Protein chains: 2
Amino acid sequence: VKKILNEIKKADKIVVFTHRDPDGDAIGSMIAMYLALRSIGKKADMFCSNKVPDIYRFLPSSDKVKDKVLGRYDLGIFVDCGSIERVNGGADIDTIADVNINIDHHPDNTRFGDINYIEPISSVSEIIFKLFKKMNVKITKDIATCLYAGVITDTGNFRYDYTTSETFEVAKQLKKAGADSTFIAMSVYENKTLSSVKILGAAMHGLESSKSGKVAWAVITKKMMDDAGASDEDLTGIVDLIRSVKGVEVAILFREEDYGTKVNFRSKFKVNVSAIAGRLGGGGHVRASGAVVNADIKSAQKKVLAEVYKDIK
Amino acid sequence: VKKILNEIKKADKIVVFTHRDPDGDAIGSMIAMYLALRSIGKKADMFCSNKVPDIYRFLPSSDKVKDKVLGRYDLGIFVDCGSIERVNGGADIDTIADVNINIDHHPDNTRFGDINYIEPISSVSEIIFKLFKKMNVKITKDIATCLYAGVITDTGNFRYDYTTSETFEVAKQLKKAGADSTFIAMSVYENKTLSSVKILGAAMHGLESSKSGKVAWAVITKKMMDDAGASDEDLTGIVDLIRSVKGVEVAILFREEDYGTKVNFRSKFKVNVSAIAGRLGGGGHVRASGAVVNADIKSAQKKVLAEVYKDIK
């Protein structure tokens with residue numbers, strides 16, 4: 001931390017990076033850092049190779065995010081970037097800034113910076129909040145808003161496993177600093193597309209479950225996607241909704257694709273769906289995984305369900 | 001508070017009450033009080049005129065809740081009861097206990113107790129947590145679990161307006177005391193019925209919206225309810241999902257009933273749907289309201305939408 005504060009002190013022109021396809025923690029922590037640097041008189045810029053997703057446009061200064069880096073900087077600060085490849089197919093960090101600081105929470109971070117500050121907690125926003133405290137940066141309402149958005153998006157609004165008592169302490173202080181938690185949660189969670197709700201409806205309408213109720217699944221065909229005018233992004237959350245049914249231990253979403261059937265798995269408390277996906281040639285995490293089966297949706301369903309039932313007692 | 005602590009100290013047999021049709025805060029704060037009283041050596045019972053709803057059965061000691069009060073107690077403690085009528089069509093409080101304490105957060109509480117402790121904050125669980133601190137009750141994992149369930153159900157998992165920095169402080173301490181926030185949130189939120197997800201699907205499949213996208217609505221007919229095997233309870237959350245669509249300011253759910261059409265409203269940031277419902281003979285809050293229109297679903301839709309468009313710029 002001392003080294004980080006020292007480099008920031010020395011630098012005049014600083015650029016903050018986050019990863020491509022940014023989530024709320026990426027955008028939130030990047031903008032917060034940008035605002036903090038500006039507040040202490042630095043010439044700061046921020047960069048992300050994608051434009052800021054619609055749902056994060058409510059964040060203050062989100063219109064200041066650049067998608068091109070021009071010129072040279074004294075210091076580069078990377079937030080939420082597990083590897084340099086995540087930035088923009090690998091930014092040429094040697095030519096952009098003299099010194100690079102890598103601040104992240106992914107345990108498998110590749111430590112590509114000159115200084116690497118990796119803390120495996122729920123969000124980078126939480127790391128940065130604590131850093132700001134040490135920097136004596138005043139947490140303005142705008143900074144608090146960005147960090148709060150980062151905290152809730154990376155903890156599933158305090159619902160994921162790695163939410164700690166410290167996370168709540170940070171939320172408390174951000175709230176005190178002026179973060180409007182209701183407005184931020186509304187902006188992040190109540191910004192669905194019409195087509196996403198329609199395709200969710202179509203999928204849930206045909207929801208099926210095993211006799212025991214422990215396995216439930218839905219199917220999405222290409223025709224259903226067309227009818228709803230839905231894109232891939234619109235499918236986020238559907239398999240989670242299936243899991244939220246009482247008694248369901250494994251939730252599955254089957255999706256018709258040109259190249260076969262895409263399968264997404266979620267489990268609630270016990271079943272390791274990473275192992276199931278693995279047997280089907282896919283992978284992922286214990287509670288969330290996926291695979292692609294080279295078969296039409298009906299055959300895929302049969303094959304996948306047989307595989308799932310092996311692991312259900 | 002001193003008076004409350006004093007009465008608890010003096011009493012030996014204590015009964016804790018909560019209101020009928022209990023929510024998570026009612027059940028959570030009641031059980032927490034029961035456990036705390038037992039932990040300091042009191043003969044405690046707890047009472048609710050309904051059985052504990054399925055989704056709260058995961059709470060420790062939820063099987064100890066009684067639906068009949070027998071005998072006489074030294075002290076009665078009412079939690080989350082806005083009025084004595086909320087308890088059981090009006091319990092005869094004079095014959096049950098010598099002294100009655102009323103602990104609540106509804107600002108319009110009727111102050112029916114001998115001692116009334118009303119604090120208009122987000123949850124009674126938060127009030128009781130602070131009371132336990134003053135009573136020097138050890139916050140066990142079981143107590144923390146009940147109180148955390150109360151906090152999240154009454155704040156919409158920290159999303160509602162009256163979530164304060166103090167709420168996060170309490171969440172932090174409950175987490176430290178052993179509340180498994182992920183398990184509790186899963187138990188509360190991932191316990192939907194299959195029929196609720198099916199009827200939600202059917203409704204969303206037919207989702208419609210105004211040209212501007214500011215008004216969106218769905219229709220649920222009796223046939224749809226039958227097809228999904230759904231009951232009234234299964235409809236919770238559907239109108240909220242409609243509101244969660246980007247750009248939607250007013251969400252409406254139309255429901256076919258024998259006596260006409262039931263209409264539910266939600267608004268996001270600006271429109272006062274209490275006023276709209278009022279003009280249709282109904283009522284409610286600024287962001288959530290309802291009315292019954294004595295017409296079939298098609299005519300009702302026409303009438304209601306005309307009323308809504310008056311208030312949309």
# chains A, B, ... in the order shown; residues from 1 in each chain; ligands from 1
>>> select_by_dssp(residues="range 48-281 of chain B", states="strand (DSSP E)", output="JSON, numbers by chain")
{"B": [73, 74, 75, 76, 77, 78, 79, 97, 98, 99, 100, 101, 102, 103, 104, 115, 116, 117, 118, 208, 209, 215, 216, 217, 218, 219, 220, 250, 251, 252, 253, 254, 255, 256, 257, 260, 261, 262, 263, 264, 265, 266, 267]}
>>> interface_residues(of="chain B", to="chain A", cutoff="8 Å", atoms="only C-alpha atoms", output="PyMOL selection string")
chain B and resi 157-161+163-169+171-173+175-176+181-182+185-186+189-194+197-207+242-247
>>> write_last_selection(atoms="C-alpha atoms", output="JSON list (two decimals), in the first residue's frame")
[["chain", "number", "residue", "atom", "x", "y", "z"],
["B", 157, "ASN", "CA", -32.58, -7.27, 1.07],
["B", 158, "PHE", "CA", -31.28, -3.74, 1.76],
["B", 159, "ARG", "CA", -33.04, -2.31, -1.29],
["B", 160, "TYR", "CA", -35.90, -0.32, 0.19],
["B", 161, "ASP", "CA", -35.82, 3.37, 1.02],
["B", 163, "THR", "CA", -32.35, 1.05, 4.70],
["B", 164, "THR", "CA", -29.90, 3.18, 6.68],
["B", 165, "SER", "CA", -26.23, 3.04, 7.57],
["B", 166, "GLU", "CA", -27.40, 1.69, 10.94],
["B", 167, "THR", "CA", -29.10, -1.22, 9.13],
["B", 168, "PHE", "CA", -25.74, -2.15, 7.63],
["B", 169, "GLU", "CA", -24.11, -1.87, 11.06],
["B", 171, "ALA", "CA", -26.16, -6.66, 9.45],
["B", 172, "LYS", "CA", -22.42, -6.54, 10.07],
["B", 173, "GLN", "CA", -22.79, -7.50, 13.72],
["B", 175, "LYS", "CA", -22.91, -11.63, 10.32],
["B", 176, "LYS", "CA", -20.11, -11.55, 12.89],
["B", 181, "SER", "CA", -26.25, -14.46, 5.06],
["B", 182, "THR", "CA", -26.05, -16.55, 1.89],
["B", 185, "ALA", "CA", -31.08, -15.19, 1.61],
["B", 186, "MET", "CA", -31.28, -18.44, -0.38],
["B", 189, "TYR", "CA", -35.66, -15.87, -1.81],
["B", 190, "GLU", "CA", -35.06, -19.21, -3.49],
["B", 191, "ASN", "CA", -38.18, -20.93, -2.24],
["B", 192, "LYS", "CA", -40.68, -20.13, -4.95],
["B", 193, "THR", "CA", -43.43, -22.58, -5.87],
["B", 194, "LEU", "CA", -43.32, -24.21, -9.29],
["B", 197, "VAL", "CA", -42.83, -19.47, -11.71],
["B", 198, "LYS", "CA", -45.21, -20.93, -14.32],
["B", 199, "ILE", "CA", -47.84, -18.22, -13.88],
["B", 200, "LEU", "CA", -45.10, -15.59, -13.94],
["B", 201, "GLY", "CA", -43.96, -17.09, -17.24],
["B", 202, "ALA", "CA", -47.45, -17.05, -18.69],
["B", 203, "ALA", "CA", -47.98, -13.43, -17.65],
["B", 204, "MET", "CA", -44.61, -12.18, -18.92],
["B", 205, "HIS", "CA", -45.05, -14.02, -22.19],
["B", 206, "GLY", "CA", -47.92, -11.68, -22.98],
["B", 207, "LEU", "CA", -46.29, -8.54, -21.60],
["B", 242, "ILE", "CA", -42.87, -5.70, -14.85],
["B", 243, "ARG", "CA", -41.62, -2.53, -13.19],
["B", 244, "SER", "CA", -38.05, -3.78, -13.43],
["B", 245, "VAL", "CA", -38.11, -3.32, -17.21],
["B", 246, "LYS", "CA", -35.91, -0.46, -18.37],
["B", 247, "GLY", "CA", -37.81, 2.74, -19.01]]
>>> closest_residue(among="B:Glu7, B:Asp142, B:Asp232, B:Asp23", to="Thr155 in chain B", atoms="only C-alpha atoms")
B:Asp23
>>> residues_around(residues="Phe112 in chain B", least_positions_apart="3", cutoff="9 Å", atoms="only C-alpha atoms", output="VMD selection string")
chain B and resid 82 to 84 100 to 102 109 115 to 116
>>> residues_around(residues="Ile127 in chain A", least_positions_apart="5", cutoff="9 Å", atoms="only C-alpha atoms", output="PDB file with C-alpha atoms, in the first residue's frame")
ATOM      1  CA  ILE A 103      -5.243  -3.727  -7.988  1.00  0.00           C
ATOM      2  CA  ASP A 104      -7.458  -6.794  -8.075  1.00  0.00           C
ATOM      3  CA  HIS A 105      -9.393  -9.427  -6.121  1.00  0.00           C
ATOM      4  CA  ILE A 118      -4.246  -8.496  -4.814  1.00  0.00           C
ATOM      5  CA  GLU A 119      -6.717  -9.090  -2.003  1.00  0.00           C
ATOM      6  CA  ILE A 121     -12.266 -10.319  -1.163  1.00  0.00           C
ATOM      7  CA  SER A 122     -15.712  -9.826  -2.658  1.00  0.00           C
ATOM      8  CA  PHE A 132      -8.919   5.739  -0.218  1.00  0.00           C
TER       9      PHE A 132
END
>>> atom_distance(atom1="CA of Val215 in chain B", atom2="CA of Ala251 in chain B")
5.9 Å
>>> select_by_dssp(residues="range 136-202 of chain A", states="helix (DSSP H, G or I)", output="VMD selection string")
chain A and resid 141 to 155 165 to 176 181 to 189 194 to 202
>>> residues_around(residues="Gly282 in chain A", least_positions_apart="3", cutoff="12 Å", atoms="only C-alpha atoms", output="compact mmCIF listing (two decimals) with all heavy atoms, in the first residue's frame")
# COMPACT_ATOMS: atom_id res chain seq x y z
N LYS A 262 -26.70 -25.63 -26.14
CA LYS A 262 -25.93 -25.03 -25.06
C LYS A 262 -26.67 -25.33 -23.75
O LYS A 262 -27.89 -25.18 -23.69
CB LYS A 262 -25.88 -23.52 -25.28
CG LYS A 262 -24.62 -22.87 -24.78
CD LYS A 262 -24.53 -21.46 -25.31
CE LYS A 262 -23.70 -20.59 -24.39
NZ LYS A 262 -23.58 -19.23 -24.92
N VAL A 263 -25.93 -25.76 -22.74
CA VAL A 263 -26.57 -26.15 -21.48
C VAL A 263 -25.96 -25.36 -20.32
O VAL A 263 -24.74 -25.30 -20.19
CB VAL A 263 -26.38 -27.67 -21.22
CG1 VAL A 263 -27.27 -28.12 -20.07
CG2 VAL A 263 -26.69 -28.47 -22.47
N ASN A 264 -26.82 -24.75 -19.52
CA ASN A 264 -26.34 -24.06 -18.33
C ASN A 264 -26.87 -24.74 -17.08
O ASN A 264 -28.04 -25.10 -17.02
CB ASN A 264 -26.82 -22.60 -18.33
CG ASN A 264 -25.96 -21.74 -19.19
OD1 ASN A 264 -24.77 -21.57 -18.91
ND2 ASN A 264 -26.53 -21.22 -20.26
N PHE A 265 -26.01 -24.88 -16.08
CA PHE A 265 -26.40 -25.52 -14.83
C PHE A 265 -26.25 -24.57 -13.64
O PHE A 265 -25.31 -23.75 -13.60
CB PHE A 265 -25.47 -26.71 -14.52
CG PHE A 265 -25.50 -27.81 -15.53
CD1 PHE A 265 -24.53 -27.88 -16.52
CD2 PHE A 265 -26.49 -28.77 -15.50
CE1 PHE A 265 -24.53 -28.89 -17.46
CE2 PHE A 265 -26.51 -29.80 -16.42
CZ PHE A 265 -25.53 -29.87 -17.41
N VAL A 273 -22.18 -29.07 -9.85
CA VAL A 273 -22.53 -29.05 -11.27
C VAL A 273 -21.31 -28.83 -12.16
O VAL A 273 -21.37 -29.02 -13.37
CB VAL A 273 -23.63 -28.01 -11.61
CG1 VAL A 273 -24.98 -28.48 -11.09
CG2 VAL A 273 -23.29 -26.63 -11.10
N SER A 274 -20.20 -28.46 -11.54
CA SER A 274 -18.97 -28.37 -12.31
C SER A 274 -18.56 -29.77 -12.77
O SER A 274 -18.12 -29.97 -13.90
CB SER A 274 -17.88 -27.74 -11.42
OG SER A 274 -16.62 -27.98 -11.96
N ALA A 275 -18.76 -30.74 -11.88
CA ALA A 275 -18.42 -32.13 -12.22
C ALA A 275 -19.33 -32.65 -13.33
O ALA A 275 -18.88 -33.32 -14.26
CB ALA A 275 -18.54 -33.01 -10.98
N ILE A 276 -20.62 -32.33 -13.23
CA ILE A 276 -21.58 -32.79 -14.25
C ILE A 276 -21.21 -32.18 -15.61
O ILE A 276 -21.13 -32.88 -16.62
CB ILE A 276 -23.02 -32.41 -13.86
CG1 ILE A 276 -23.44 -33.16 -12.59
CG2 ILE A 276 -23.98 -32.70 -15.01
CD1 ILE A 276 -24.80 -32.75 -12.03
N ALA A 277 -20.96 -30.88 -15.61
CA ALA A 277 -20.58 -30.22 -16.86
C ALA A 277 -19.29 -30.81 -17.41
O ALA A 277 -19.13 -30.99 -18.62
CB ALA A 277 -20.43 -28.72 -16.63
N GLY A 278 -18.38 -31.11 -16.50
CA GLY A 278 -17.11 -31.70 -16.90
C GLY A 278 -17.30 -33.01 -17.66
O GLY A 278 -16.66 -33.25 -18.69
N ARG A 279 -18.21 -33.84 -17.19
CA ARG A 279 -18.47 -35.13 -17.86
C ARG A 279 -19.08 -34.93 -19.25
O ARG A 279 -19.06 -35.83 -20.08
CB ARG A 279 -19.40 -35.99 -16.99
CG ARG A 279 -18.78 -36.37 -15.65
CD ARG A 279 -19.42 -37.61 -15.03
NE ARG A 279 -20.84 -37.46 -14.78
CZ ARG A 279 -21.35 -37.05 -13.61
NH1 ARG A 279 -20.56 -36.72 -12.60
NH2 ARG A 279 -22.65 -36.95 -13.46
N HIS A 285 -18.01 -23.66 -12.24
CA HIS A 285 -17.88 -23.67 -10.79
C HIS A 285 -18.81 -24.72 -10.18
O HIS A 285 -19.65 -25.28 -10.86
CB HIS A 285 -18.25 -22.29 -10.23
CG HIS A 285 -17.42 -21.19 -10.82
ND1 HIS A 285 -16.17 -20.86 -10.34
CD2 HIS A 285 -17.67 -20.35 -11.85
CE1 HIS A 285 -15.68 -19.86 -11.06
NE2 HIS A 285 -16.57 -19.53 -11.98
N ALA A 288 -22.32 -23.21 -10.49
CA ALA A 288 -22.71 -22.62 -11.78
C ALA A 288 -21.76 -23.15 -12.84
O ALA A 288 -20.54 -22.96 -12.74
CB ALA A 288 -22.63 -21.10 -11.71
N SER A 289 -22.31 -23.81 -13.86
CA SER A 289 -21.43 -24.36 -14.90
C SER A 289 -22.17 -24.45 -16.22
O SER A 289 -23.35 -24.10 -16.30
CB SER A 289 -20.93 -25.74 -14.47
OG SER A 289 -22.02 -26.65 -14.44
N GLY A 290 -21.47 -24.89 -17.25
CA GLY A 290 -22.09 -24.98 -18.56
C GLY A 290 -21.36 -25.96 -19.47
O GLY A 290 -20.23 -26.36 -19.19
N ALA A 291 -22.06 -26.36 -20.52
CA ALA A 291 -21.45 -27.26 -21.50
C ALA A 291 -22.17 -27.10 -22.83
O ALA A 291 -23.25 -26.52 -22.89
CB ALA A 291 -21.56 -28.71 -21.02
N VAL A 292 -21.55 -27.58 -23.89
CA VAL A 292 -22.20 -27.60 -25.19
C VAL A 292 -22.32 -29.05 -25.62
O VAL A 292 -21.34 -29.80 -25.57
CB VAL A 292 -21.40 -26.79 -26.24
CG1 VAL A 292 -21.96 -27.04 -27.63
CG2 VAL A 292 -21.42 -25.31 -25.90
N VAL A 293 -23.53 -29.46 -25.99
CA VAL A 293 -23.75 -30.84 -26.43
C VAL A 293 -24.02 -30.82 -27.94
O VAL A 293 -24.88 -30.07 -28.41
CB VAL A 293 -24.94 -31.47 -25.67
CG1 VAL A 293 -25.19 -32.89 -26.15
CG2 VAL A 293 -24.68 -31.45 -24.17
N ASN A 294 -23.29 -31.64 -28.69
CA ASN A 294 -23.45 -31.65 -30.15
C ASN A 294 -24.64 -32.51 -30.55
O ASN A 294 -24.48 -33.59 -31.10
CB ASN A 294 -22.18 -32.16 -30.82
CG ASN A 294 -21.02 -31.20 -30.62
OD1 ASN A 294 -21.20 -29.99 -30.75
ND2 ASN A 294 -19.87 -31.73 -30.27
N VAL A 304 -28.30 -35.13 -21.06
CA VAL A 304 -27.92 -34.29 -19.91
C VAL A 304 -28.67 -34.72 -18.65
O VAL A 304 -28.08 -34.87 -17.58
CB VAL A 304 -28.20 -32.80 -20.23
CG1 VAL A 304 -28.11 -31.96 -18.97
CG2 VAL A 304 -27.22 -32.30 -21.28
>>> residues_around(residues="range 14-22 of chain B", least_positions_apart="6", cutoff="9 Å", atoms="only C-alpha atoms", output="NGL selection string")
:B and (8 or 29-31 or 33-34 or 37 or 42-53 or 69 or 73-89 or 96-97)
>>> write_last_selection(atoms="C-alpha atoms", output="tab-separated table (two decimals), in the first residue's frame")
chain	number	residue	atom	x	y	z
B	8	ILE	CA	-38.36	-8.62	31.87
B	29	SER	CA	-38.07	-10.97	15.81
B	30	MET	CA	-40.49	-13.18	17.76
B	31	ILE	CA	-38.24	-16.22	17.75
B	33	MET	CA	-36.96	-12.66	21.58
B	34	TYR	CA	-38.04	-16.15	22.65
B	37	LEU	CA	-35.54	-14.87	27.06
B	42	LYS	CA	-37.06	-17.26	31.63
B	43	LYS	CA	-39.98	-19.62	30.99
B	44	ALA	CA	-40.85	-18.30	27.57
B	45	ASP	CA	-43.47	-19.24	24.99
B	46	MET	CA	-44.26	-17.71	21.64
B	47	PHE	CA	-47.52	-17.39	19.79
B	48	CYS	CA	-48.81	-16.60	16.32
B	49	SER	CA	-52.36	-17.33	15.15
B	50	ASN	CA	-51.11	-18.68	11.81
B	51	LYS	CA	-48.65	-21.48	11.42
B	52	VAL	CA	-45.15	-20.42	10.43
B	53	PRO	CA	-45.05	-19.99	6.62
B	69	VAL	CA	-52.19	-19.41	24.28
B	73	TYR	CA	-48.19	-15.15	32.02
B	74	ASP	CA	-46.39	-12.54	34.07
B	75	LEU	CA	-45.48	-10.62	30.97
B	76	GLY	CA	-46.61	-10.40	27.34
B	77	ILE	CA	-44.27	-8.99	24.67
B	78	PHE	CA	-45.79	-8.03	21.31
B	79	VAL	CA	-43.42	-7.62	18.37
B	80	ASP	CA	-44.25	-6.07	14.99
B	81	CYS	CA	-47.94	-5.65	15.92
B	82	GLY	CA	-49.30	-2.29	14.73
B	83	SER	CA	-52.49	-2.87	16.70
B	84	ILE	CA	-53.94	-5.52	18.97
B	85	GLU	CA	-56.38	-6.42	16.17
B	86	ARG	CA	-53.35	-7.60	14.15
B	87	VAL	CA	-52.64	-10.31	16.70
B	88	ASN	CA	-55.66	-12.52	16.38
B	89	GLY	CA	-58.68	-10.45	15.61
B	96	ILE	CA	-53.28	-13.33	29.26
B	97	ALA	CA	-50.54	-11.39	31.00
>>> atom_distance(atom1="CA of Arg111 in chain A", atom2="CA of Val99 in chain A")
13.6 Å
>>> decode(residues="range 176-263 of chain B", atoms="C-alpha atoms", output="PDB file, in the first residue's frame")
ATOM      1  CA  LYS B 176     -20.107 -11.548  12.892  1.00  0.00           C
ATOM      2  CA  ALA B 177     -22.355 -13.347  15.371  1.00  0.00           C
ATOM      3  CA  GLY B 178     -22.673 -16.216  12.905  1.00  0.00           C
ATOM      4  CA  ALA B 179     -25.640 -15.417  10.642  1.00  0.00           C
ATOM      5  CA  ASP B 180     -25.036 -17.231   7.351  1.00  0.00           C
ATOM      6  CA  SER B 181     -26.249 -14.460   5.058  1.00  0.00           C
ATOM      7  CA  THR B 182     -26.046 -16.549   1.893  1.00  0.00           C
ATOM      8  CA  PHE B 183     -27.988 -19.464   3.343  1.00  0.00           C
ATOM      9  CA  ILE B 184     -30.623 -17.149   4.845  1.00  0.00           C
ATOM     10  CA  ALA B 185     -31.080 -15.191   1.610  1.00  0.00           C
ATOM     11  CA  MET B 186     -31.283 -18.444  -0.375  1.00  0.00           C
ATOM     12  CA  SER B 187     -33.854 -19.856   2.023  1.00  0.00           C
ATOM     13  CA  VAL B 188     -35.997 -16.731   1.870  1.00  0.00           C
ATOM     14  CA  TYR B 189     -35.656 -15.869  -1.813  1.00  0.00           C
ATOM     15  CA  GLU B 190     -35.060 -19.215  -3.491  1.00  0.00           C
ATOM     16  CA  ASN B 191     -38.176 -20.929  -2.240  1.00  0.00           C
ATOM     17  CA  LYS B 192     -40.679 -20.130  -4.946  1.00  0.00           C
ATOM     18  CA  THR B 193     -43.427 -22.577  -5.872  1.00  0.00           C
ATOM     19  CA  LEU B 194     -43.321 -24.206  -9.295  1.00  0.00           C
ATOM     20  CA  SER B 195     -46.781 -22.802 -10.025  1.00  0.00           C
ATOM     21  CA  SER B 196     -45.631 -19.260  -9.165  1.00  0.00           C
ATOM     22  CA  VAL B 197     -42.829 -19.473 -11.710  1.00  0.00           C
ATOM     23  CA  LYS B 198     -45.211 -20.929 -14.316  1.00  0.00           C
ATOM     24  CA  ILE B 199     -47.845 -18.219 -13.878  1.00  0.00           C
ATOM     25  CA  LEU B 200     -45.098 -15.593 -13.944  1.00  0.00           C
ATOM     26  CA  GLY B 201     -43.963 -17.088 -17.237  1.00  0.00           C
ATOM     27  CA  ALA B 202     -47.448 -17.046 -18.692  1.00  0.00           C
ATOM     28  CA  ALA B 203     -47.978 -13.435 -17.645  1.00  0.00           C
ATOM     29  CA  MET B 204     -44.608 -12.180 -18.921  1.00  0.00           C
ATOM     30  CA  HIS B 205     -45.048 -14.019 -22.193  1.00  0.00           C
ATOM     31  CA  GLY B 206     -47.921 -11.675 -22.977  1.00  0.00           C
ATOM     32  CA  LEU B 207     -46.294  -8.543 -21.595  1.00  0.00           C
ATOM     33  CA  GLU B 208     -47.333  -5.365 -23.415  1.00  0.00           C
ATOM     34  CA  SER B 209     -46.126  -1.807 -23.227  1.00  0.00           C
ATOM     35  CA  SER B 210     -47.068   1.675 -24.361  1.00  0.00           C
ATOM     36  CA  LYS B 211     -45.325   3.278 -27.317  1.00  0.00           C
ATOM     37  CA  SER B 212     -43.098   5.337 -25.055  1.00  0.00           C
ATOM     38  CA  GLY B 213     -42.253   2.267 -22.999  1.00  0.00           C
ATOM     39  CA  LYS B 214     -43.192   4.131 -19.826  1.00  0.00           C
ATOM     40  CA  VAL B 215     -46.221   1.950 -19.113  1.00  0.00           C
ATOM     41  CA  ALA B 216     -46.119  -1.844 -19.244  1.00  0.00           C
ATOM     42  CA  TRP B 217     -48.774  -4.343 -18.274  1.00  0.00           C
ATOM     43  CA  ALA B 218     -49.629  -8.020 -18.158  1.00  0.00           C
ATOM     44  CA  VAL B 219     -52.895  -9.879 -17.911  1.00  0.00           C
ATOM     45  CA  ILE B 220     -53.706 -12.982 -15.890  1.00  0.00           C
ATOM     46  CA  THR B 221     -56.935 -14.779 -16.718  1.00  0.00           C
ATOM     47  CA  LYS B 222     -58.669 -17.476 -14.707  1.00  0.00           C
ATOM     48  CA  LYS B 223     -57.687 -19.974 -17.385  1.00  0.00           C
ATOM     49  CA  MET B 224     -54.013 -19.036 -17.013  1.00  0.00           C
ATOM     50  CA  MET B 225     -54.272 -19.540 -13.253  1.00  0.00           C
ATOM     51  CA  ASP B 226     -55.840 -22.964 -13.753  1.00  0.00           C
ATOM     52  CA  ASP B 227     -53.271 -24.037 -16.341  1.00  0.00           C
ATOM     53  CA  ALA B 228     -50.427 -23.129 -13.998  1.00  0.00           C
ATOM     54  CA  GLY B 229     -52.174 -24.578 -10.946  1.00  0.00           C
ATOM     55  CA  ALA B 230     -51.551 -21.222  -9.322  1.00  0.00           C
ATOM     56  CA  SER B 231     -53.083 -19.624  -6.234  1.00  0.00           C
ATOM     57  CA  ASP B 232     -53.241 -15.972  -5.169  1.00  0.00           C
ATOM     58  CA  GLU B 233     -49.974 -16.259  -3.224  1.00  0.00           C
ATOM     59  CA  ASP B 234     -48.196 -17.296  -6.410  1.00  0.00           C
ATOM     60  CA  LEU B 235     -48.719 -13.833  -7.879  1.00  0.00           C
ATOM     61  CA  THR B 236     -46.388 -12.044  -5.474  1.00  0.00           C
ATOM     62  CA  GLY B 237     -43.645 -10.227  -7.312  1.00  0.00           C
ATOM     63  CA  ILE B 238     -45.094 -10.351 -10.831  1.00  0.00           C
ATOM     64  CA  VAL B 239     -45.965  -6.664 -10.984  1.00  0.00           C
ATOM     65  CA  ASP B 240     -42.538  -5.837  -9.511  1.00  0.00           C
ATOM     66  CA  LEU B 241     -40.908  -7.770 -12.329  1.00  0.00           C
ATOM     67  CA  ILE B 242     -42.873  -5.699 -14.854  1.00  0.00           C
ATOM     68  CA  ARG B 243     -41.623  -2.530 -13.193  1.00  0.00           C
ATOM     69  CA  SER B 244     -38.052  -3.782 -13.434  1.00  0.00           C
ATOM     70  CA  VAL B 245     -38.106  -3.319 -17.213  1.00  0.00           C
ATOM     71  CA  LYS B 246     -35.911  -0.460 -18.370  1.00  0.00           C
ATOM     72  CA  GLY B 247     -37.809   2.742 -19.011  1.00  0.00           C
ATOM     73  CA  VAL B 248     -40.984   1.493 -17.353  1.00  0.00           C
ATOM     74  CA  GLU B 249     -42.344   4.065 -14.939  1.00  0.00           C
ATOM     75  CA  VAL B 250     -45.757   2.476 -14.274  1.00  0.00           C
ATOM     76  CA  ALA B 251     -46.285  -1.295 -14.156  1.00  0.00           C
ATOM     77  CA  ILE B 252     -49.766  -2.775 -14.115  1.00  0.00           C
ATOM     78  CA  LEU B 253     -51.080  -6.276 -13.517  1.00  0.00           C
ATOM     79  CA  PHE B 254     -54.664  -7.049 -14.548  1.00  0.00           C
ATOM     80  CA  ARG B 255     -56.304 -10.043 -13.005  1.00  0.00           C
ATOM     81  CA  GLU B 256     -59.586 -11.622 -13.987  1.00  0.00           C
ATOM     82  CA  GLU B 257     -61.855 -12.287 -10.992  1.00  0.00           C
ATOM     83  CA  ASP B 258     -65.461 -13.383 -10.577  1.00  0.00           C
ATOM     84  CA  TYR B 259     -66.410  -9.927  -9.396  1.00  0.00           C
ATOM     85  CA  GLY B 260     -64.552  -7.969 -12.087  1.00  0.00           C
ATOM     86  CA  THR B 261     -60.907  -7.096 -12.658  1.00  0.00           C
ATOM     87  CA  LYS B 262     -58.310  -6.663  -9.966  1.00  0.00           C
ATOM     88  CA  VAL B 263     -55.604  -4.145 -10.845  1.00  0.00           C
TER      89      VAL B 263
END
